[in-house]
Amino acid sequence: MAQNLNMLTQGLSGHVGDLIFYERNGKPFCRRMPQYGPDSMSAASKQSSREFAKASKAAKSIRSALNGLWQPAKEETTIYRLNKAVYAALREDTGHARGKRVFSANALHQHLKDFRYNKKAVMTIGGIDTIRQEDGCILVKLPPNWQHWLNPPKDTRYIQLHAAALDMDLDNNTCVGTATAASCVALGEKQHSLLLPAVPAKATATIVVLQLRFLHTDTDIQANNSASNEQAFITAVLEPALPPAEKQEQSSKAPRIARKKRSAAAILATASQPTPVPFPSLAIDAHSIASPPSVKKDKKPPALVNVE
């Protein structure tokens, strides 16, 4: 009887009704689907589930915003890795209870910096400086030896650089503004930079992504048809450039030190520092204060008279 049942269920997988068929070590097995009641999940599990769903929607909005500009090469783990990184950034919020946590630019920068869309492409450049300038524009500055980090194919003559800045409103899972810049540089060129224009917008954070492609010529013909040579990675997550009204309101609440150029790390480090608490004033008893001692003034010395 058992042998006949094994023959009937051989190769079956999935579920039929409330029965689940699967194989383990080459042998077929069958088990009943577990029953989940309305009270089967704890309150903490429900809150964690809602937060992971929130992070997944935020990650999807980032992918959608970038796909609207250009589609970076992805592989099978891209979606999972991005969801995990965004969820980790959400859990950094300690100012709100679980289930009500929100995103911050500082936490997103910590977990998304150097995130690679195509993990198979071994193209990571160290020392990229992403600077928010005084007028709100973003400067992506590559180090002098940035091409030493790359491993181009044999017949590569040019490298295409494409940068994008995404102003993400992760409360509503929308992209409220984008800016792009592109250039094609010859193989062996030294220090290089890209300037992204900025339009102030109310957003959670500005995510800056850089894409590299190896080319035969200075056109958009790829050196080979393999996506393993195409790499897009997040260089930094910055505080958004606020509209003038919001910027003025924010500056009236807390004094800000104006700088001409500030790097992403400097901006986020300044934003994350706690506001110092003023030292409480002490009550002064007027009777306890002694009057200052009188200072005796020296008399003016007599003038000398020459006697002949």
# chains A, B, ... in the order shown; residues from 1 in each chain; ligands from 1
>>> residues_around(residues="stretch 105-120 of chain A", least_positions_apart="6", cutoff="9 Å", atoms="only C-alpha atoms", output="tab-separated table (two decimals) with N, CA, C and O atoms, in the first residue's frame")
chain	number	residue	atom	x	y	z
A	72	PRO	N	19.50	49.72	-14.74
A	72	PRO	CA	20.81	49.11	-14.44
A	72	PRO	C	20.72	47.60	-14.53
A	72	PRO	O	19.66	47.00	-14.30
A	73	ALA	N	21.83	46.99	-14.88
A	73	ALA	CA	21.86	45.53	-14.96
A	73	ALA	C	21.66	44.93	-13.57
A	73	ALA	O	22.30	45.34	-12.61
A	74	LYS	N	20.74	43.97	-13.48
A	74	LYS	CA	20.43	43.32	-12.21
A	74	LYS	C	20.68	41.83	-12.33
A	74	LYS	O	20.83	41.29	-13.42
A	75	GLU	N	20.73	41.17	-11.15
A	75	GLU	CA	20.81	39.71	-11.14
A	75	GLU	C	19.79	39.19	-10.13
A	75	GLU	O	19.03	39.98	-9.56
A	77	THR	N	19.62	38.28	-7.13
A	77	THR	CA	19.56	38.66	-5.72
A	77	THR	C	19.35	40.15	-5.51
A	77	THR	O	19.32	40.61	-4.36
A	78	THR	N	19.20	40.93	-6.58
A	78	THR	CA	19.13	42.38	-6.45
A	78	THR	C	17.95	42.82	-5.59
A	78	THR	O	18.09	43.61	-4.66
A	79	ILE	N	16.77	42.31	-5.91
A	79	ILE	CA	15.56	42.74	-5.20
A	79	ILE	C	15.65	42.35	-3.72
A	79	ILE	O	15.34	43.16	-2.83
A	81	ARG	N	18.37	41.80	-1.88
A	81	ARG	CA	19.40	42.56	-1.18
A	81	ARG	C	18.97	44.00	-0.93
A	81	ARG	O	19.24	44.57	0.13
A	82	LEU	N	18.26	44.60	-1.89
A	82	LEU	CA	17.79	45.97	-1.71
A	82	LEU	C	16.71	46.04	-0.64
A	82	LEU	O	16.71	46.96	0.20
A	85	ALA	N	18.43	45.79	2.74
A	85	ALA	CA	19.17	47.00	3.13
A	85	ALA	C	18.22	48.11	3.56
A	85	ALA	O	18.47	48.82	4.56
A	86	VAL	N	17.10	48.29	2.84
A	86	VAL	CA	16.14	49.33	3.20
A	86	VAL	C	15.46	48.99	4.52
A	86	VAL	O	15.21	49.87	5.35
A	88	ALA	N	16.80	47.28	6.98
A	88	ALA	CA	17.78	47.54	8.03
A	88	ALA	C	17.85	49.04	8.33
A	88	ALA	O	18.03	49.43	9.50
A	89	ALA	N	17.72	49.88	7.30
A	89	ALA	CA	17.73	51.32	7.53
A	89	ALA	C	16.51	51.76	8.33
A	89	ALA	O	16.60	52.63	9.21
A	90	LEU	N	15.35	51.16	8.06
A	90	LEU	CA	14.14	51.50	8.80
A	90	LEU	C	14.26	51.13	10.27
A	90	LEU	O	13.80	51.87	11.15
A	91	ARG	N	14.90	50.03	10.55
A	91	ARG	CA	15.03	49.57	11.93
A	91	ARG	C	16.03	50.40	12.74
A	91	ARG	O	16.12	50.23	13.96
A	92	GLU	N	16.77	51.28	12.09
A	92	GLU	CA	17.70	52.15	12.81
A	92	GLU	C	16.97	53.24	13.60
A	92	GLU	O	17.56	53.85	14.49
A	93	ASP	N	15.70	53.46	13.28
A	93	ASP	CA	14.94	54.51	13.97
A	93	ASP	C	14.62	54.06	15.39
A	93	ASP	O	13.85	53.12	15.60
A	204	THR	N	12.35	62.69	1.56
A	204	THR	CA	12.98	62.03	2.70
A	204	THR	C	14.50	62.07	2.57
A	204	THR	O	15.22	62.35	3.53
A	205	ALA	N	14.99	61.77	1.36
A	205	ALA	CA	16.43	61.71	1.12
A	205	ALA	C	16.68	61.79	-0.37
A	205	ALA	O	15.79	61.54	-1.18
A	206	THR	N	17.92	62.14	-0.72
A	206	THR	CA	18.37	62.14	-2.11
A	206	THR	C	19.36	61.01	-2.29
A	206	THR	O	20.42	60.99	-1.65
A	207	ILE	N	19.03	60.06	-3.16
A	207	ILE	CA	19.87	58.89	-3.40
A	207	ILE	C	20.64	59.11	-4.71
A	207	ILE	O	20.04	59.38	-5.74
A	227	ALA	N	25.95	41.52	-19.49
A	227	ALA	CA	25.62	42.54	-18.48
A	227	ALA	C	26.58	42.51	-17.30
A	227	ALA	O	26.51	43.37	-16.43
A	228	SER	N	27.47	41.52	-17.27
A	228	SER	CA	28.40	41.43	-16.14
A	228	SER	C	29.40	42.57	-16.14
A	228	SER	O	30.06	42.83	-15.14
A	229	ASN	N	29.54	43.29	-17.29
A	229	ASN	CA	30.46	44.41	-17.36
A	229	ASN	C	29.77	45.75	-17.06
A	229	ASN	O	30.41	46.79	-17.13
A	230	GLU	N	28.48	45.71	-16.76
A	230	GLU	CA	27.75	46.94	-16.45
A	230	GLU	C	27.49	46.99	-14.95
A	230	GLU	O	27.00	46.03	-14.36
A	231	GLN	N	27.82	48.11	-14.35
A	231	GLN	CA	27.72	48.22	-12.90
A	231	GLN	C	27.04	49.52	-12.51
A	231	GLN	O	27.38	50.58	-13.03
A	232	ALA	N	26.06	49.45	-11.63
A	232	ALA	CA	25.44	50.63	-11.04
A	232	ALA	C	25.45	50.46	-9.53
A	232	ALA	O	25.07	49.41	-9.03
A	233	PHE	N	25.90	51.48	-8.82
A	233	PHE	CA	25.93	51.39	-7.37
A	233	PHE	C	25.64	52.75	-6.77
A	233	PHE	O	25.84	53.80	-7.39
A	234	ILE	N	25.13	52.74	-5.54
A	234	ILE	CA	24.75	53.96	-4.85
A	234	ILE	C	26.00	54.56	-4.20
A	234	ILE	O	26.65	53.90	-3.39
A	235	THR	N	26.32	55.78	-4.57
A	235	THR	CA	27.51	56.43	-4.00
A	235	THR	C	27.22	57.07	-2.64
A	235	THR	O	28.09	57.09	-1.78
A	236	ALA	N	26.02	57.60	-2.45
A	236	ALA	CA	25.71	58.27	-1.19
A	236	ALA	C	24.21	58.51	-1.10
A	236	ALA	O	23.49	58.49	-2.10
A	237	VAL	N	23.74	58.73	0.12
A	237	VAL	CA	22.38	59.19	0.39
A	237	VAL	C	22.51	60.50	1.16
A	237	VAL	O	23.11	60.54	2.23
A	238	LEU	N	21.97	61.59	0.59
A	238	LEU	CA	22.13	62.92	1.15
A	238	LEU	C	20.82	63.44	1.74
A	238	LEU	O	19.74	62.99	1.36
A	239	GLU	N	20.96	64.41	2.63
A	239	GLU	CA	19.79	65.16	3.06
A	239	GLU	C	19.24	65.91	1.84
A	239	GLU	O	20.01	66.41	1.02
A	240	PRO	N	17.92	65.99	1.69
A	240	PRO	CA	17.37	66.64	0.49
A	240	PRO	C	17.62	68.14	0.49
A	240	PRO	O	17.78	68.76	1.56
A	264	ALA	N	29.02	64.25	1.78
A	264	ALA	CA	27.88	63.50	2.30
A	264	ALA	C	28.11	63.07	3.73
A	264	ALA	O	27.23	63.18	4.59
A	265	ALA	N	29.33	62.60	4.04
A	265	ALA	CA	29.63	62.15	5.39
A	265	ALA	C	29.55	63.30	6.38
A	265	ALA	O	29.05	63.16	7.49
A	268	LEU	N	25.77	64.32	7.01
A	268	LEU	CA	25.05	63.35	7.82
A	268	LEU	C	25.59	63.29	9.23
A	268	LEU	O	24.85	63.09	10.19
A	269	ALA	N	26.90	63.49	9.40
A	269	ALA	CA	27.47	63.50	10.75
A	269	ALA	C	26.97	64.70	11.54
A	269	ALA	O	26.66	64.61	12.73
A	271	ALA	N	24.10	66.26	11.01
A	271	ALA	CA	22.67	66.08	11.27
A	271	ALA	C	22.41	65.10	12.39
A	271	ALA	O	21.42	65.20	13.10
A	272	SER	N	23.32	64.12	12.57
A	272	SER	CA	23.11	63.09	13.57
A	272	SER	C	23.57	63.48	14.96
A	272	SER	O	23.31	62.77	15.91
>>> closest_residue(among="A:Ser56, A:Ser193, A:Ser183, A:Ser61", to="A:Tyr158", atoms="only C-alpha atoms")
A:Ser183
>>> atom_distance(atom1="atom CA of A:Arg63", atom2="atom CA of A:Ser49")
21.1 Å
>>> select_by_dssp(residues="stretch 20-221 of chain A", states="helix (DSSP H, G or I)", output="PyMOL selection string")
chain A and resi 43-67+78-90+105-112+146-149
>>> decode(residues="stretch 16-28 of chain A", atoms="all heavy atoms", output="mmCIF file, in the first residue's frame")
data_model
loop_
_atom_site.group_PDB
_atom_site.id
_atom_site.type_symbol
_atom_site.label_atom_id
_atom_site.label_comp_id
_atom_site.auth_asym_id
_atom_site.auth_seq_id
_atom_site.Cartn_x
_atom_site.Cartn_y
_atom_site.Cartn_z
ATOM 1 N N VAL A 16 -2.318 20.337 -3.125
ATOM 2 C CA VAL A 16 -3.631 19.981 -3.659
ATOM 3 C C VAL A 16 -4.596 20.056 -2.485
ATOM 4 O O VAL A 16 -4.495 19.260 -1.536
ATOM 5 C CB VAL A 16 -3.634 18.563 -4.270
ATOM 6 C CG1 VAL A 16 -5.045 18.211 -4.760
ATOM 7 C CG2 VAL A 16 -2.632 18.466 -5.405
ATOM 8 N N GLY A 17 -5.514 21.010 -2.533
ATOM 9 C CA GLY A 17 -6.387 21.200 -1.390
ATOM 10 C C GLY A 17 -5.577 21.682 -0.194
ATOM 11 O O GLY A 17 -4.866 22.683 -0.265
ATOM 12 N N ASP A 18 -5.687 20.944 0.912
ATOM 13 C CA ASP A 18 -4.908 21.294 2.100
ATOM 14 C C ASP A 18 -3.712 20.373 2.296
ATOM 15 O O ASP A 18 -3.137 20.309 3.376
ATOM 16 C CB ASP A 18 -5.797 21.272 3.344
ATOM 17 C CG ASP A 18 -6.385 19.892 3.613
ATOM 18 O OD1 ASP A 18 -6.343 19.049 2.692
ATOM 19 O OD2 ASP A 18 -6.870 19.675 4.735
ATOM 20 N N LEU A 19 -3.310 19.635 1.218
ATOM 21 C CA LEU A 19 -2.158 18.732 1.270
ATOM 22 C C LEU A 19 -0.999 19.342 0.486
ATOM 23 O O LEU A 19 -1.179 19.870 -0.620
ATOM 24 C CB LEU A 19 -2.510 17.362 0.699
ATOM 25 C CG LEU A 19 -3.604 16.574 1.436
ATOM 26 C CD1 LEU A 19 -3.880 15.258 0.715
ATOM 27 C CD2 LEU A 19 -3.210 16.321 2.884
ATOM 28 N N ILE A 20 0.196 19.234 1.051
ATOM 29 C CA ILE A 20 1.405 19.758 0.418
ATOM 30 C C ILE A 20 2.310 18.583 0.077
ATOM 31 O O ILE A 20 2.655 17.775 0.953
ATOM 32 C CB ILE A 20 2.148 20.735 1.350
ATOM 33 C CG1 ILE A 20 1.248 21.910 1.715
ATOM 34 C CG2 ILE A 20 3.420 21.245 0.693
ATOM 35 C CD1 ILE A 20 1.887 22.874 2.695
ATOM 36 N N PHE A 21 2.686 18.463 -1.199
ATOM 37 C CA PHE A 21 3.574 17.390 -1.659
ATOM 38 C C PHE A 21 4.956 17.982 -1.917
ATOM 39 O O PHE A 21 5.095 19.049 -2.528
ATOM 40 C CB PHE A 21 3.030 16.759 -2.945
ATOM 41 C CG PHE A 21 1.696 16.074 -2.768
ATOM 42 C CD1 PHE A 21 0.509 16.762 -2.996
ATOM 43 C CD2 PHE A 21 1.629 14.746 -2.374
ATOM 44 C CE1 PHE A 21 -0.712 16.137 -2.840
ATOM 45 C CE2 PHE A 21 0.404 14.108 -2.213
ATOM 46 C CZ PHE A 21 -0.775 14.807 -2.440
ATOM 47 N N TYR A 22 6.003 17.266 -1.453
ATOM 48 C CA TYR A 22 7.367 17.736 -1.631
ATOM 49 C C TYR A 22 8.306 16.539 -1.542
ATOM 50 O O TYR A 22 7.888 15.428 -1.172
ATOM 51 C CB TYR A 22 7.734 18.777 -0.567
ATOM 52 C CG TYR A 22 7.685 18.288 0.859
ATOM 53 C CD1 TYR A 22 8.845 17.897 1.528
ATOM 54 C CD2 TYR A 22 6.471 18.210 1.538
ATOM 55 C CE1 TYR A 22 8.796 17.444 2.840
ATOM 56 C CE2 TYR A 22 6.414 17.757 2.847
ATOM 57 C CZ TYR A 22 7.577 17.376 3.491
ATOM 58 O OH TYR A 22 7.524 16.927 4.782
ATOM 59 N N GLU A 23 9.558 16.754 -1.948
ATOM 60 C CA GLU A 23 10.569 15.708 -1.905
ATOM 61 C C GLU A 23 11.689 16.113 -0.968
ATOM 62 O O GLU A 23 12.033 17.298 -0.865
ATOM 63 C CB GLU A 23 11.143 15.437 -3.303
ATOM 64 C CG GLU A 23 10.215 14.671 -4.214
ATOM 65 C CD GLU A 23 10.925 14.190 -5.471
ATOM 66 O OE1 GLU A 23 12.151 14.418 -5.563
ATOM 67 O OE2 GLU A 23 10.269 13.604 -6.350
ATOM 68 N N ARG A 24 12.262 15.125 -0.278
ATOM 69 C CA ARG A 24 13.410 15.349 0.581
ATOM 70 C C ARG A 24 14.336 14.148 0.462
ATOM 71 O O ARG A 24 13.906 13.010 0.700
ATOM 72 C CB ARG A 24 12.976 15.533 2.041
ATOM 73 C CG ARG A 24 14.143 15.801 2.987
ATOM 74 C CD ARG A 24 13.647 16.010 4.409
ATOM 75 N NE ARG A 24 12.843 17.234 4.518
ATOM 76 C CZ ARG A 24 12.150 17.555 5.605
ATOM 77 N NH1 ARG A 24 12.153 16.748 6.673
ATOM 78 N NH2 ARG A 24 11.457 18.671 5.635
ATOM 79 N N ASN A 25 15.567 14.435 0.037
ATOM 80 C CA ASN A 25 16.564 13.379 -0.195
ATOM 81 C C ASN A 25 16.061 12.337 -1.187
ATOM 82 O O ASN A 25 16.285 11.141 -1.053
ATOM 83 C CB ASN A 25 16.947 12.683 1.120
ATOM 84 C CG ASN A 25 17.608 13.631 2.101
ATOM 85 O OD1 ASN A 25 18.311 14.555 1.696
ATOM 86 N ND2 ASN A 25 17.370 13.421 3.398
ATOM 87 N N GLY A 26 15.343 12.806 -2.194
ATOM 88 C CA GLY A 26 14.851 11.915 -3.245
ATOM 89 C C GLY A 26 13.603 11.132 -2.893
ATOM 90 O O GLY A 26 13.122 10.346 -3.719
ATOM 91 N N LYS A 27 13.043 11.302 -1.714
ATOM 92 C CA LYS A 27 11.852 10.571 -1.303
ATOM 93 C C LYS A 27 10.659 11.516 -1.248
ATOM 94 O O LYS A 27 10.776 12.648 -0.770
ATOM 95 C CB LYS A 27 12.062 9.943 0.076
ATOM 96 C CG LYS A 27 13.160 8.884 0.103
ATOM 97 C CD LYS A 27 13.301 8.284 1.500
ATOM 98 C CE LYS A 27 14.391 7.224 1.527
ATOM 99 N NZ LYS A 27 14.543 6.623 2.888
ATOM 100 N N PRO A 28 9.478 11.072 -1.745
ATOM 101 C CA PRO A 28 8.292 11.934 -1.717
ATOM 102 C C PRO A 28 7.680 11.973 -0.325
ATOM 103 O O PRO A 28 7.639 10.974 0.393
ATOM 104 C CB PRO A 28 7.361 11.254 -2.725
ATOM 105 C CG PRO A 28 7.747 9.816 -2.698
ATOM 106 C CD PRO A 28 9.228 9.784 -2.422
#
